[in-house]
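Asks: What follows is query_4.cif, mmCIF, C-alpha atoms.
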data_run
loop_
_atom_site.group_PDB
_atom_site.id
_atom_site.type_symbol
_atom_site.label_atom_id
_atom_site.label_comp_id
_atom_site.auth_asym_id
_atom_site.auth_seq_id
_atom_site.Cartn_x
_atom_site.Cartn_y
_atom_site.Cartn_z
ATOM 1 C CA MET A 104 158.786 84.020 140.690
ATOM 2 C CA ALA A 105 162.099 84.210 138.862
ATOM 3 C CA GLY A 106 162.811 80.611 139.810
ATOM 4 C CA LEU A 107 159.461 79.496 138.427
ATOM 5 C CA MET A 108 160.161 81.336 135.208
ATOM 6 C CA ASP A 109 163.529 79.577 135.015
ATOM 7 C CA TYR A 110 161.733 76.222 135.271
ATOM 8 C CA ALA A 111 159.369 77.350 132.514
ATOM 9 C CA HIS A 112 162.422 78.237 130.363
ATOM 10 C CA ASN A 113 161.248 81.838 130.156
ATOM 11 C CA THR A 114 164.566 83.603 130.666
ATOM 12 C CA THR A 115 163.153 87.052 129.838
ATOM 13 C CA ALA A 116 160.492 86.869 132.556
ATOM 14 C CA ALA A 117 162.987 85.304 134.990
ATOM 15 C CA ALA A 118 165.401 88.197 134.477
ATOM 16 C CA TYR A 119 162.569 90.704 134.899
ATOM 17 C CA TYR A 120 161.442 89.227 138.235
ATOM 18 C CA ARG A 121 164.993 88.790 139.474
ATOM 19 C CA ASN A 122 165.695 92.491 138.794
ATOM 20 C CA LYS A 123 162.442 93.561 140.467
ATOM 21 C CA ALA A 124 163.291 91.508 143.547
ATOM 22 C CA ALA A 125 166.787 92.999 143.704
ATOM 23 C CA ASP A 126 165.380 96.526 143.409
ATOM 24 C CA PHE A 127 162.850 95.915 146.171
ATOM 25 C CA LEU A 128 165.448 94.340 148.424
ATOM 26 C CA THR A 129 167.701 97.383 148.047
ATOM 27 C CA PHE A 130 164.766 99.686 148.797
ATOM 28 C CA TRP A 131 163.776 97.632 151.850
ATOM 29 C CA MET A 132 167.306 97.494 153.263
ATOM 30 C CA GLU A 133 167.694 101.264 152.940
ATOM 31 C CA ASN A 134 164.250 102.302 154.169
ATOM 32 C CA ALA A 135 163.467 99.747 156.867
ATOM 33 C CA LEU A 136 166.827 100.002 158.641
ATOM 34 C CA SER A 137 166.613 101.673 162.041
ATOM 35 C CA SER A 138 168.554 104.906 162.431
ATOM 36 C CA ASP A 139 171.087 103.205 164.726
ATOM 37 C CA GLY A 140 171.495 100.296 162.279
ATOM 38 C CA SER A 141 170.548 97.686 164.886
ATOM 39 C CA HIS A 142 167.559 96.124 163.098
ATOM 40 C CA TYR A 143 164.956 96.428 160.367
ATOM 41 C CA LYS A 144 161.694 98.099 161.390
ATOM 42 C CA ARG A 145 158.216 96.617 161.019
ATOM 43 C CA GLU A 146 157.183 99.436 158.671
ATOM 44 C CA TYR A 147 159.247 102.115 156.965
ATOM 45 C CA ASN A 148 157.464 105.086 158.543
ATOM 46 C CA LEU A 149 157.550 103.840 162.140
ATOM 47 C CA ASP A 150 160.013 104.868 164.800
ATOM 48 C CA ASP A 151 163.068 102.814 165.708
ATOM 49 C CA THR A 152 161.289 100.894 168.471
ATOM 50 C CA SER A 153 159.208 99.026 165.896
ATOM 51 C CA PHE A 154 160.293 95.530 164.942
ATOM 52 C CA SER A 155 158.881 92.240 163.753
ATOM 53 C CA LEU A 156 160.205 88.705 163.668
ATOM 54 C CA LYS A 157 161.591 87.890 160.251
ATOM 55 C CA TYR A 158 160.737 84.203 160.690
ATOM 56 C CA ASN A 159 160.000 83.732 156.987
ATOM 57 C CA LEU A 160 163.682 84.224 156.201
ATOM 58 C CA LEU A 161 164.022 80.610 157.327
ATOM 59 C CA TYR A 162 162.627 79.426 154.016
ATOM 60 C CA GLN A 163 165.504 80.816 152.009
ATOM 61 C CA LEU A 164 167.706 78.384 153.951
ATOM 62 C CA ILE A 165 165.341 75.461 153.478
ATOM 63 C CA LEU A 166 164.895 76.187 149.766
ATOM 64 C CA ASN A 167 168.580 77.007 149.339
ATOM 65 C CA VAL A 168 168.047 80.429 147.793
ATOM 66 C CA SER A 169 170.001 83.558 148.626
ATOM 67 C CA VAL A 170 167.855 86.661 148.684
ATOM 68 C CA PHE A 171 168.647 88.304 152.013
ATOM 69 C CA SER A 172 172.271 88.346 153.063
ATOM 70 C CA ASP A 173 173.544 86.544 156.136
ATOM 71 C CA SER A 174 174.234 89.973 157.660
ATOM 72 C CA VAL A 175 170.498 90.818 157.595
ATOM 73 C CA ILE A 176 169.703 87.594 159.437
ATOM 74 C CA ALA A 177 172.540 88.096 161.936
ATOM 75 C CA LYS A 178 171.469 91.685 162.625
ATOM 76 C CA GLU A 179 167.886 90.610 163.318
ATOM 77 C CA LEU A 180 168.835 87.669 165.551
ATOM 78 C CA ASP A 181 171.235 89.799 167.589
ATOM 79 C CA TYR A 182 168.551 92.456 168.019
ATOM 80 C CA TYR A 183 165.938 89.933 169.196
ATOM 81 C CA VAL A 184 168.290 88.547 171.835
ATOM 82 C CA ALA A 185 169.561 91.951 172.989
ATOM 83 C CA LYS A 186 166.260 93.832 173.098
ATOM 84 C CA HIS A 187 163.278 91.468 173.187
ATOM 85 C CA ALA A 188 164.235 88.197 174.879
ATOM 86 C CA ASN A 189 161.353 87.488 177.246
ATOM 87 C CA LYS A 190 161.257 84.365 179.407
ATOM 88 C CA TYR A 191 158.947 82.469 177.056
ATOM 89 C CA GLY A 192 159.936 83.862 173.671
ATOM 90 C CA ILE A 193 160.471 86.824 171.423
ATOM 91 C CA PRO A 194 157.248 88.793 170.792
ATOM 92 C CA LEU A 195 155.942 88.553 167.238
ATOM 93 C CA ASN A 196 156.339 92.339 166.914
ATOM 94 C CA ASP A 197 156.382 95.530 168.936
ATOM 95 C CA ARG A 198 152.588 95.866 169.188
ATOM 96 C CA ALA A 199 152.050 93.153 171.828
ATOM 97 C CA SER A 200 153.918 90.532 173.828
ATOM 98 C CA PHE A 201 152.301 87.472 172.253
ATOM 99 C CA GLN A 202 154.209 84.817 170.345
ATOM 100 C CA LEU A 203 153.232 81.936 168.099
ATOM 101 C CA THR A 204 155.076 78.700 168.765
ATOM 102 C CA GLU A 205 155.692 78.071 165.075
ATOM 103 C CA TYR A 206 157.382 81.444 164.657
ATOM 104 C CA GLN A 207 159.547 80.869 167.708
ATOM 105 C CA GLY A 208 160.480 77.550 166.076
ATOM 106 C CA GLY A 209 161.200 79.325 162.804
ATOM 107 C CA ILE A 210 163.739 81.645 164.361
ATOM 108 C CA ILE A 211 165.416 78.647 166.000
ATOM 109 C CA GLY A 212 166.108 77.281 162.519
ATOM 110 C CA LEU A 213 167.121 80.712 161.303
ATOM 111 C CA ALA A 214 169.732 80.799 164.079
ATOM 112 C CA TYR A 215 171.394 77.560 162.902
ATOM 113 C CA ASN A 216 174.836 79.229 162.935
ATOM 114 C CA ASN A 217 174.354 81.602 165.884
ATOM 115 C CA THR A 218 174.859 79.517 169.022
ATOM 116 C CA GLN A 219 173.838 82.208 171.520
ATOM 117 C CA ALA A 220 170.628 83.148 169.721
ATOM 118 C CA ARG A 221 169.718 79.520 168.957
ATOM 119 C CA GLN A 222 170.206 78.483 172.596
ATOM 120 C CA THR A 223 168.188 81.475 173.833
ATOM 121 C CA PHE A 224 165.293 80.659 171.492
ATOM 122 C CA ILE A 225 165.319 76.944 172.379
ATOM 123 C CA GLU A 226 165.353 77.734 176.112
ATOM 124 C CA GLN A 227 162.432 80.127 175.677
ATOM 125 C CA LEU A 228 160.383 77.511 173.848
ATOM 126 C CA TYR A 229 161.268 74.929 176.498
ATOM 127 C CA ASN A 230 160.261 77.399 179.224
ATOM 128 C CA PHE A 231 156.859 77.794 177.584
ATOM 129 C CA ALA A 232 156.237 74.083 176.988
ATOM 130 C CA ASN A 233 157.437 73.136 180.469
ATOM 131 C CA GLY A 234 156.281 76.090 182.536
ATOM 132 C CA THR A 235 153.113 77.534 181.061
ATOM 133 C CA PRO A 236 150.370 77.936 183.661
ATOM 134 C CA SER A 237 147.879 76.885 180.955
ATOM 135 C CA ARG A 238 147.141 73.171 180.876
ATOM 136 C CA ASP A 239 145.967 72.835 177.273
ATOM 137 C CA PRO A 240 147.821 70.581 174.824
ATOM 138 C CA PHE A 241 150.888 72.261 173.299
ATOM 139 C CA GLY A 242 149.445 75.644 172.428
ATOM 140 C CA ASP A 243 150.833 77.894 169.780
ATOM 141 C CA ARG A 244 149.643 81.373 170.779
ATOM 142 C CA TYR A 245 150.855 82.600 174.138
ATOM 143 C CA ASP A 246 152.174 85.607 176.018
ATOM 144 C CA SER A 247 155.972 85.703 175.846
ATOM 145 C CA THR A 248 156.241 87.354 179.283
ATOM 146 C CA THR A 249 153.791 85.222 181.302
ATOM 147 C CA GLY A 250 153.715 81.975 179.309
ATOM 148 C CA ARG A 251 149.931 82.055 179.505
ATOM 149 C CA GLN A 252 148.073 80.497 176.561
ATOM 150 C CA LEU A 253 146.016 83.026 174.595
ATOM 151 C CA GLY A 254 142.812 82.228 172.737
ATOM 152 C CA SER A 255 141.400 79.389 174.832
ATOM 153 C CA GLY A 256 139.841 76.720 172.652
ATOM 154 C CA SER A 257 141.899 77.682 169.627
ATOM 155 C CA PHE A 258 145.573 77.629 168.777
ATOM 156 C CA ILE A 259 145.913 74.236 170.462
ATOM 157 C CA ALA A 260 147.902 71.283 169.066
ATOM 158 C CA ARG A 261 147.677 72.541 165.473
ATOM 159 C CA SER A 262 149.859 71.197 162.680
ATOM 160 C CA THR A 263 151.666 74.533 162.376
ATOM 161 C CA ILE A 264 153.515 73.635 165.543
ATOM 162 C CA GLY A 265 155.720 71.390 163.393
ATOM 163 C CA GLU A 266 157.872 74.417 162.674
ATOM 164 C CA ILE A 267 159.521 73.822 166.047
ATOM 165 C CA PHE A 268 161.561 71.252 164.103
ATOM 166 C CA SER A 269 162.834 73.883 161.650
ATOM 167 C CA LEU A 270 166.425 73.388 162.726
ATOM 168 C CA LEU A 271 166.156 69.861 161.333
ATOM 169 C CA LEU A 272 164.890 71.210 157.993
ATOM 170 C CA VAL A 273 167.863 73.439 157.346
ATOM 171 C CA SER A 274 169.854 71.703 154.657
ATOM 172 C CA GLN A 275 173.118 69.955 155.485
ATOM 173 C CA GLU A 276 175.119 72.497 153.556
ATOM 174 C CA HIS A 277 173.914 75.142 156.000
ATOM 175 C CA ALA A 278 174.340 73.030 159.138
ATOM 176 C CA THR A 279 177.238 73.745 161.464
#
Represent the structure of the file as structure tokens.

Replies:
Amino acid sequence: MAGLMDYAHNTTAAAYYRNKAADFLTFWMENALSSDGSHYKREYNLDDTSFSLKYNLLYQLILNVSVFSDSVIAKELDYYVAKHANKYGIPLNDRASFQLTEYQGGIIGLAYNNTQARQTFIEQLYNFANGTPSRDPFGDRYDSTTGRQLGSGSFIARSTIGEIFSLLLVSQEHAT
């Protein structure tokens, strides 16, 4: 919102929204951090086993904005690889083992500078596309442990799958 206000030449509103965002970010980083410091939880009040993919952090790279620090991204990627790397992907969150192809693609782009995580995520997506027992066109909702397509008749060959190319969207100034 602050960026939009900048474009509208409303510096007062831009400053207001920038300060609000900074305050919320500080609150989130303090309250969502697990007690061992390994990752950020899905919700503040949940125990340390809760997690969720922070795939939307990709867009700060694509849009070339700096809201969350590189250390937040690195912490999350390391946690996904260490604790939740299933054969066919990282689960969307701790509530179930399903994954959406576009979100798996999003974390590939997010891992542009983390070779181990990026390679793990690419291999998982390849494993799904190449080894799923489901014979539908490239599905985008599947179980990350079995590779089985979920939601037969839906989540098949949708345009959202384009996010698998997220690594290509990351601007050249971020590329390694």

Asks: Per residue of segment 135-162 of chain A within 8 Å of segment 175-190 of chain A, which atom pair is closest and at what distance in Å (one decimal), using all atoms listed in the file, listed by chain and increasing number, as a tab-separated table?

Replies:
residue	atom	partner	partner_atom	distance
A:Ser141	CA	A:Tyr182	CA	6.4
A:His142	CA	A:Glu179	CA	5.5
A:Tyr143	CA	A:Glu179	CA	7.2
A:Leu156	CA	A:Glu179	CA	7.9
A:Lys157	CA	A:Glu179	CA	7.5
A:Leu160	CA	A:Ile176	CA	7.6

Asks: Which residue gives the smallest distance to Val170 of chain A among A:Leu203, A:Leu272, A:Leu149, A:Ala124, with only C-alpha atoms counted?

Replies: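 So, comparing all the options, the nearest one is A:Ala124.
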
Asks: In Å, how far is it from atom CA of Asp243 of chain A to atom CA of Gln202 of chain A?

Replies: 7.7 Å

Asks: Could you state the separation of atom CA of Leu213 of chain A and atom CA of Asp109 of chain A in Å, given to one decimal place?

Replies: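 Atom CA of Asp109 of chain A lies at a distance of 26.6 Å from atom CA of Leu213 of chain A.
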
Asks: Under the rule that all atoms listed in the file are counted, which of A:Thr204, A:Ala111, A:Ile211, A:Ala199 is the nearest residue to Ile259 of chain A?

Replies: A:Thr204

Asks: As an exercise, work out the distance from atom CA of Gly254 of chain A to atom CA of Leu270 of chain A in Å and give it to one decimal place.

Replies: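 So the two atoms, atom CA of Gly254 of chain A and atom CA of Leu270 of chain A, lie 27.1 Å apart.
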
Asks: May I ask which of the residues A:Gly106, A:Gly208, A:Gly250, A:Pro236 is the closest one to Ile267 of chain A, counting only C-alpha atoms?

Replies: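 Using only C-alpha atoms, the shortest distance to Ile267 of chain A belongs to A:Gly208.
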
Asks: Put a box with edges along x, y and z around all the listed atoms of segment 190-204 of chain A, pad it by 6 Å on each side, then give me its centre and sizes in Å, one decimal, as JSON.

Replies:
{"center_x": 156.7, "center_y": 87.3, "center_z": 173.2, "size_x": 21.2, "size_y": 29.2, "size_z": 24.5}

Asks: So which residues get picked by the PyMOL selection byres ((chain A and resi 197) around 6) here, written as a ChimeraX atom specification?

Replies: /A:153-154,196,198-199

Asks: Report as a ChimeraX atom specification the residues that result from applying the PyMOL selection byres ((chain A and resi 239) around 9) to the structure here.

Replies: /A:237-238,240-242,252,255-256,259-260

Asks: Looking at only C-alpha atoms, which of A:Phe171, A:Tyr147, A:Tyr215, A:Tyr245 is the one that sits closest to Pro194 of chain A?

Replies: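 Selected residue with least distance to Pro194 of chain A: A:Tyr245.
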
Asks: Given the file shown, enumerate the residues that the PyMOL selection byres ((chain A and resi 225) around 10) captures and present them as a VMD selection string.

Replies: chain A and resid 191 to 192 207 to 208 210 to 212 220 to 224 226 to 231 267

Asks: Residues of the last selection are to be written out with C-alpha atoms, as a PDB file, in the coordinates of the input.

Replies:
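Saved the output as part10.pdb:
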ATOM      1  CA  TYR A 191     158.947  82.469 177.056  1.00  0.00           C
ATOM      2  CA  GLY A 192     159.936  83.862 173.671  1.00  0.00           C
ATOM      3  CA  GLN A 207     159.547  80.869 167.708  1.00  0.00           C
ATOM      4  CA  GLY A 208     160.480  77.550 166.076  1.00  0.00           C
ATOM      5  CA  ILE A 210     163.739  81.645 164.361  1.00  0.00           C
ATOM      6  CA  ILE A 211     165.416  78.647 166.000  1.00  0.00           C
ATOM      7  CA  GLY A 212     166.108  77.281 162.519  1.00  0.00           C
ATOM      8  CA  ALA A 220     170.628  83.148 169.721  1.00  0.00           C
ATOM      9  CA  ARG A 221     169.718  79.520 168.957  1.00  0.00           C
ATOM     10  CA  GLN A 222     170.206  78.483 172.596  1.00  0.00           C
ATOM     11  CA  THR A 223     168.188  81.475 173.833  1.00  0.00           C
ATOM     12  CA  PHE A 224     165.293  80.659 171.492  1.00  0.00           C
ATOM     13  CA  GLU A 226     165.353  77.734 176.112  1.00  0.00           C
ATOM     14  CA  GLN A 227     162.432  80.127 175.677  1.00  0.00           C
ATOM     15  CA  LEU A 228     160.383  77.511 173.848  1.00  0.00           C
ATOM     16  CA  TYR A 229     161.268  74.929 176.498  1.00  0.00           C
ATOM     17  CA  ASN A 230     160.261  77.399 179.224  1.00  0.00           C
ATOM     18  CA  PHE A 231     156.859  77.794 177.584  1.00  0.00           C
ATOM     19  CA  ILE A 267     159.521  73.822 166.047  1.00  0.00           C
TER      20      ILE A 267
END

Asks: For Tyr119 of chain A, list every protein, DNA or RNA residue within 12 Å, evaluated using all atoms listed in the file, and leave out those in the same chain fewer than 3 positions away; present the list as a ChimeraX atom specification.

Replies: /A:104-106,108-109,113-116,122-126

Asks: Could you model N, CA, C and O atoms for segment 171-187 of chain A and present them as a PDB file, in the coordinates of the input?

Replies:
ATOM      1  N   PHE A 171     168.142  87.432 150.959  1.00  0.00           N
ATOM      2  CA  PHE A 171     168.647  88.304 152.013  1.00  0.00           C
ATOM      3  C   PHE A 171     170.023  87.806 152.438  1.00  0.00           C
ATOM      4  O   PHE A 171     170.254  86.606 152.546  1.00  0.00           O
ATOM      5  N   SER A 172     170.910  88.723 152.686  1.00  0.00           N
ATOM      6  CA  SER A 172     172.271  88.346 153.063  1.00  0.00           C
ATOM      7  C   SER A 172     172.308  87.800 154.487  1.00  0.00           C
ATOM      8  O   SER A 172     171.405  88.057 155.297  1.00  0.00           O
ATOM      9  N   ASP A 173     173.348  87.069 154.780  1.00  0.00           N
ATOM     10  CA  ASP A 173     173.544  86.544 156.136  1.00  0.00           C
ATOM     11  C   ASP A 173     173.632  87.677 157.151  1.00  0.00           C
ATOM     12  O   ASP A 173     173.254  87.501 158.308  1.00  0.00           O
ATOM     13  N   SER A 174     174.109  88.848 156.725  1.00  0.00           N
ATOM     14  CA  SER A 174     174.234  89.973 157.660  1.00  0.00           C
ATOM     15  C   SER A 174     172.862  90.488 158.093  1.00  0.00           C
ATOM     16  O   SER A 174     172.706  90.946 159.227  1.00  0.00           O
ATOM     17  N   VAL A 175     171.861  90.420 157.221  1.00  0.00           N
ATOM     18  CA  VAL A 175     170.498  90.818 157.595  1.00  0.00           C
ATOM     19  C   VAL A 175     169.985  89.880 158.681  1.00  0.00           C
ATOM     20  O   VAL A 175     169.441  90.319 159.698  1.00  0.00           O
ATOM     21  N   ILE A 176     170.161  88.589 158.469  1.00  0.00           N
ATOM     22  CA  ILE A 176     169.703  87.594 159.437  1.00  0.00           C
ATOM     23  C   ILE A 176     170.435  87.773 160.765  1.00  0.00           C
ATOM     24  O   ILE A 176     169.815  87.797 161.829  1.00  0.00           O
ATOM     25  N   ALA A 177     171.752  87.930 160.715  1.00  0.00           N
ATOM     26  CA  ALA A 177     172.540  88.096 161.936  1.00  0.00           C
ATOM     27  C   ALA A 177     172.112  89.344 162.705  1.00  0.00           C
ATOM     28  O   ALA A 177     171.985  89.306 163.938  1.00  0.00           O
ATOM     29  N   LYS A 178     171.889  90.431 161.987  1.00  0.00           N
ATOM     30  CA  LYS A 178     171.469  91.685 162.625  1.00  0.00           C
ATOM     31  C   LYS A 178     170.139  91.490 163.354  1.00  0.00           C
ATOM     32  O   LYS A 178     169.979  91.898 164.497  1.00  0.00           O
ATOM     33  N   GLU A 179     169.195  90.842 162.706  1.00  0.00           N
ATOM     34  CA  GLU A 179     167.886  90.610 163.318  1.00  0.00           C
ATOM     35  C   GLU A 179     167.995  89.705 164.536  1.00  0.00           C
ATOM     36  O   GLU A 179     167.430  89.993 165.590  1.00  0.00           O
ATOM     37  N   LEU A 180     168.704  88.593 164.423  1.00  0.00           N
ATOM     38  CA  LEU A 180     168.835  87.669 165.551  1.00  0.00           C
ATOM     39  C   LEU A 180     169.493  88.348 166.745  1.00  0.00           C
ATOM     40  O   LEU A 180     169.037  88.194 167.887  1.00  0.00           O
ATOM     41  N   ASP A 181     170.556  89.097 166.499  1.00  0.00           N
ATOM     42  CA  ASP A 181     171.235  89.799 167.589  1.00  0.00           C
ATOM     43  C   ASP A 181     170.300  90.803 168.263  1.00  0.00           C
ATOM     44  O   ASP A 181     170.307  90.948 169.488  1.00  0.00           O
ATOM     45  N   TYR A 182     169.495  91.486 167.473  1.00  0.00           N
ATOM     46  CA  TYR A 182     168.551  92.456 168.019  1.00  0.00           C
ATOM     47  C   TYR A 182     167.497  91.771 168.878  1.00  0.00           C
ATOM     48  O   TYR A 182     167.168  92.239 169.974  1.00  0.00           O
ATOM     49  N   TYR A 183     166.956  90.648 168.406  1.00  0.00           N
ATOM     50  CA  TYR A 183     165.938  89.933 169.196  1.00  0.00           C
ATOM     51  C   TYR A 183     166.491  89.553 170.561  1.00  0.00           C
ATOM     52  O   TYR A 183     165.826  89.734 171.576  1.00  0.00           O
ATOM     53  N   VAL A 184     167.698  89.001 170.572  1.00  0.00           N
ATOM     54  CA  VAL A 184     168.290  88.547 171.835  1.00  0.00           C
ATOM     55  C   VAL A 184     168.597  89.738 172.745  1.00  0.00           C
ATOM     56  O   VAL A 184     168.318  89.706 173.941  1.00  0.00           O
ATOM     57  N   ALA A 185     169.148  90.799 172.181  1.00  0.00           N
ATOM     58  CA  ALA A 185     169.561  91.951 172.989  1.00  0.00           C
ATOM     59  C   ALA A 185     168.383  92.762 173.518  1.00  0.00           C
ATOM     60  O   ALA A 185     168.432  93.269 174.644  1.00  0.00           O
ATOM     61  N   LYS A 186     167.324  92.887 172.742  1.00  0.00           N
ATOM     62  CA  LYS A 186     166.260  93.832 173.098  1.00  0.00           C
ATOM     63  C   LYS A 186     164.910  93.204 173.452  1.00  0.00           C
ATOM     64  O   LYS A 186     164.092  93.858 174.085  1.00  0.00           O
ATOM     65  N   HIS A 187     164.644  91.985 173.036  1.00  0.00           N
ATOM     66  CA  HIS A 187     163.278  91.468 173.187  1.00  0.00           C
ATOM     67  C   HIS A 187     163.192  90.048 173.718  1.00  0.00           C
ATOM     68  O   HIS A 187     162.181  89.377 173.528  1.00  0.00           O
TER      69      HIS A 187
END
